[in-house]
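Structure file input_14.txt with compact mmCIF, C-alpha atoms:
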# COMPACT_ATOMS: atom_id res chain seq x y z
CA MET A 4 -18.12 12.30 -32.20
CA SER A 5 -15.68 10.14 -34.09
CA LEU A 6 -13.07 10.25 -31.35
CA PHE A 7 -11.33 6.91 -31.57
CA ILE A 8 -10.22 5.77 -28.16
CA THR A 9 -9.16 2.20 -27.63
CA ILE A 10 -8.87 2.72 -23.93
CA GLY A 11 -10.76 1.31 -21.04
CA LEU A 12 -8.89 3.64 -18.82
CA PHE A 13 -6.50 4.07 -21.75
CA SER A 14 -3.65 1.72 -22.18
CA LEU A 15 -1.43 3.86 -20.01
CA SER A 16 1.29 1.27 -19.94
CA THR A 17 2.33 2.69 -23.31
CA LEU A 18 2.78 6.16 -21.88
CA ASN A 19 6.25 7.38 -21.03
CA THR A 20 7.46 9.85 -18.45
CA HIS A 21 10.26 12.11 -19.56
CA LEU A 22 12.51 13.95 -17.16
CA VAL A 23 13.79 16.78 -19.33
CA ASP A 24 16.62 17.78 -16.96
CA ALA A 25 18.11 14.30 -16.92
CA GLN A 26 17.26 13.56 -20.56
CA GLN A 27 16.12 10.12 -19.45
CA LEU A 28 13.03 8.36 -20.70
CA PHE A 29 11.34 5.66 -18.66
CA GLU A 30 8.00 3.91 -18.76
CA VAL A 31 5.26 4.69 -16.29
CA ASP A 32 3.22 1.62 -15.59
CA HIS A 33 -0.55 1.64 -15.64
CA ASP A 34 -0.82 1.34 -11.85
CA HIS A 35 1.42 4.38 -11.30
CA VAL A 36 -0.69 6.50 -13.65
CA GLN A 37 -3.90 5.36 -11.96
CA GLN A 38 -2.35 6.29 -8.62
CA LEU A 39 -1.44 9.77 -9.91
CA VAL A 40 -5.04 10.22 -11.10
CA SER A 41 -6.64 8.90 -7.90
CA GLN A 42 -4.39 11.12 -5.74
CA GLY A 43 -5.35 14.18 -7.78
CA HIS A 44 -1.87 14.84 -9.17
CA ILE A 45 -3.16 14.55 -12.74
CA ARG A 46 -6.50 14.22 -14.49
CA SER A 47 -7.30 11.23 -16.61
CA LEU A 48 -6.48 11.43 -20.29
CA ASN A 49 -10.16 10.75 -20.99
CA GLU A 50 -11.10 14.15 -19.55
CA SER A 51 -8.85 15.99 -22.00
CA LEU A 52 -10.02 13.82 -24.89
CA ASN A 53 -13.68 14.42 -23.99
CA TRP A 54 -13.10 18.18 -23.98
CA LEU A 55 -11.30 17.94 -27.31
CA ALA A 56 -14.17 15.93 -28.80
CA GLN A 57 -16.42 18.99 -28.41
CA TYR A 58 -14.29 20.79 -30.99
CA CYS A 59 -12.53 18.26 -33.20
CA ASP A 60 -13.34 15.02 -34.95
CA VAL A 61 -10.05 13.27 -34.34
CA GLN A 62 -8.47 9.88 -34.04
CA LEU A 63 -5.88 9.41 -31.32
CA ILE A 64 -2.61 8.16 -32.79
CA ASP A 65 -0.27 8.43 -29.82
CA ALA A 66 -0.25 9.79 -26.27
CA GLN A 67 2.63 10.31 -23.90
CA LEU A 68 2.77 11.55 -20.34
CA PHE A 69 5.74 13.76 -19.45
CA GLN A 70 6.92 15.30 -16.21
CA HIS A 71 9.12 18.38 -16.02
CA LYS A 72 9.85 20.08 -12.70
CA ASN A 73 6.76 18.60 -11.00
CA THR A 74 4.52 19.59 -13.93
CA TRP A 75 2.79 16.82 -15.82
CA ARG A 76 1.60 17.10 -19.41
CA TYR A 77 0.02 14.92 -22.04
CA ASP A 78 1.49 15.14 -25.53
CA LEU A 79 -1.04 13.89 -28.04
CA GLN A 80 -0.64 13.09 -31.69
CA LEU A 81 -4.00 13.17 -33.45
CA GLN A 82 -5.31 12.71 -36.95
CA LEU A 83 -8.06 15.13 -37.97
CA LYS A 84 -11.04 13.97 -39.99
CA GLN A 85 -9.59 15.89 -42.96
CA GLY A 86 -6.45 13.72 -42.75
CA HIS A 87 -4.03 16.20 -41.19
CA THR A 88 -1.90 15.08 -38.26
CA VAL A 89 -1.53 17.50 -35.36
CA ASN A 90 0.29 17.50 -32.05
CA LEU A 91 -1.34 19.03 -28.99
CA GLN A 92 -0.19 19.42 -25.41
CA PHE A 93 -2.51 19.30 -22.41
CA ASP A 94 -1.70 20.22 -18.85
CA ALA A 95 -2.27 16.89 -17.11
CA LYS A 96 -3.03 18.57 -13.76
CA SER A 97 -5.87 20.74 -15.07
CA GLY A 98 -6.82 18.70 -18.15
CA THR A 99 -6.77 21.85 -20.29
CA LEU A 100 -5.00 22.67 -23.51
CA ASN A 101 -1.52 24.09 -22.95
CA SER A 102 -1.57 27.86 -23.44
CA LEU A 103 1.22 27.59 -26.04
CA THR A 104 -0.82 25.15 -28.13
CA GLN A 105 -3.73 26.14 -30.36
CA LEU A 106 -6.47 24.06 -31.86
CA PRO A 107 -6.17 23.70 -35.64
CA SER A 108 -8.49 25.88 -37.73
CA GLU A 109 -10.52 22.77 -38.68
CA CYS A 110 -11.66 22.50 -35.07
CA THR A 111 -14.79 24.42 -34.10
CA GLN A 112 -17.26 23.81 -31.34
CA HIS A 113 -19.95 21.37 -32.41
CA GLU A 114 -23.47 22.78 -32.30
CA THR A 115 -24.66 19.79 -30.25
CA ALA A 116 -21.92 20.16 -27.62
CA THR A 117 -23.09 20.81 -24.09
CA ARG A 118 -22.03 24.19 -22.82

Would you kindly transcribe this structure into structure tokens?
Amino acid sequence: MSLFITIGLFSLSTLNTHLVDAQQLFEVDHDHVQQLVSQGHIRSLNESLNWLAQYCDVQLIDAQLFQHKNTWRYDLQLQLKQGHTVNLQFDAKSGTLNSLTQLPSECTQHETATR
């Protein structure tokens, strides 16, 4: 697994929350994100990245946390081992890949992944 994560709990102070209706962008501080996770409003970014690591050898380039109408999502920009850059969206509540987003064809489940 060559998933590059320079996060203890991820440097969430770099994440932004985006209210689409108001078209305003503001920073969510690390404590607020931890509170959302501990209260069960969202899952940690690590959970989504761990799931992704079963399928893709990627390096995390950027991650943002957005909220739209009480729905939270992680927007991730990743670099595949082959050098391609992809953008994926994860539902932050469930930690699963957004149904409108597909894994790139280079991503297949690793034979050593736990099922």

(message) At a cut-off of 9 Å, using only C-alpha atoms, what residues contact Asp65 in chain A? Leave out same-chain residues fewer than 6 positions from it and give the result as number ranges by chain.
(response) A: 18, 78-81

Residues of the last selection are to be written out with C-alpha atoms, as a PDB file, in the frame of the given file.
ATOM      1  CA  LEU A  18       2.780   6.160 -21.880  1.00  0.00           C
ATOM      2  CA  ASP A  78       1.490  15.140 -25.530  1.00  0.00           C
ATOM      3  CA  LEU A  79      -1.040  13.890 -28.040  1.00  0.00           C
ATOM      4  CA  GLN A  80      -0.640  13.090 -31.690  1.00  0.00           C
ATOM      5  CA  LEU A  81      -4.000  13.170 -33.450  1.00  0.00           C
TER       6      LEU A  81
END

Hey, can I get the axis-aligned box for range 99-111 of chain A? All listed atoms, 3 Å padding on each side, centre and edge lengths in Å to one decimal, as AutoDock Vina command-line options.
--center_x -6.8 --center_y 24.9 --center_z -29.5 --size_x 22.0 --size_y 12.0 --size_z 24.4

(message) What does the structure give for the distance between CA of Thr104 in chain A and CA of Trp75 in chain A, in Å to one decimal?
(response) 15.3 Å

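Near Glu50 in chain A, within 12 Å and counting all atoms listed in the file, sit Leu12, Phe13, Val40, Ile45, Arg46, Ser47, Leu48, Leu52, Asn53, Trp54, Leu55, Ala56, Gln57, Tyr77, Phe93, Asp94, Ala95, Lys96, Ser97, Gly98, Thr99 and Leu100 of chain A, not including residues fewer than 2 positions from it in the same chain.
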
Got time to write the residues from that selection, C-alpha atoms, as a PDB file, in the frame of the given file?
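Generated file (selection-v1.pdb):
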ATOM      1  CA  LEU A  12      -8.890   3.640 -18.820  1.00  0.00           C
ATOM      2  CA  PHE A  13      -6.500   4.070 -21.750  1.00  0.00           C
ATOM      3  CA  VAL A  40      -5.040  10.220 -11.100  1.00  0.00           C
ATOM      4  CA  ILE A  45      -3.160  14.550 -12.740  1.00  0.00           C
ATOM      5  CA  ARG A  46      -6.500  14.220 -14.490  1.00  0.00           C
ATOM      6  CA  SER A  47      -7.300  11.230 -16.610  1.00  0.00           C
ATOM      7  CA  LEU A  48      -6.480  11.430 -20.290  1.00  0.00           C
ATOM      8  CA  LEU A  52     -10.020  13.820 -24.890  1.00  0.00           C
ATOM      9  CA  ASN A  53     -13.680  14.420 -23.990  1.00  0.00           C
ATOM     10  CA  TRP A  54     -13.100  18.180 -23.980  1.00  0.00           C
ATOM     11  CA  LEU A  55     -11.300  17.940 -27.310  1.00  0.00           C
ATOM     12  CA  ALA A  56     -14.170  15.930 -28.800  1.00  0.00           C
ATOM     13  CA  GLN A  57     -16.420  18.990 -28.410  1.00  0.00           C
ATOM     14  CA  TYR A  77       0.020  14.920 -22.040  1.00  0.00           C
ATOM     15  CA  PHE A  93      -2.510  19.300 -22.410  1.00  0.00           C
ATOM     16  CA  ASP A  94      -1.700  20.220 -18.850  1.00  0.00           C
ATOM     17  CA  ALA A  95      -2.270  16.890 -17.110  1.00  0.00           C
ATOM     18  CA  LYS A  96      -3.030  18.570 -13.760  1.00  0.00           C
ATOM     19  CA  SER A  97      -5.870  20.740 -15.070  1.00  0.00           C
ATOM     20  CA  GLY A  98      -6.820  18.700 -18.150  1.00  0.00           C
ATOM     21  CA  THR A  99      -6.770  21.850 -20.290  1.00  0.00           C
ATOM     22  CA  LEU A 100      -5.000  22.670 -23.510  1.00  0.00           C
TER      23      LEU A 100
END

(request) Name the closest residue to Pro107 in chain A among the candidates A:Leu68, A:His44, A:Asp60, A:Ser51; distances are taken between atoms, counting all atoms listed in the file. (result) A:Asp60

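Between CA of Val89 in chain A and CA of Leu63 in chain A the interatomic distance comes to 10.0 Å.
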
(message) Quick check, in Å to one decimal: how far apart do CA of Ser102 in chain A and CA of Val61 in chain A lie?
(response) 20.1 Å
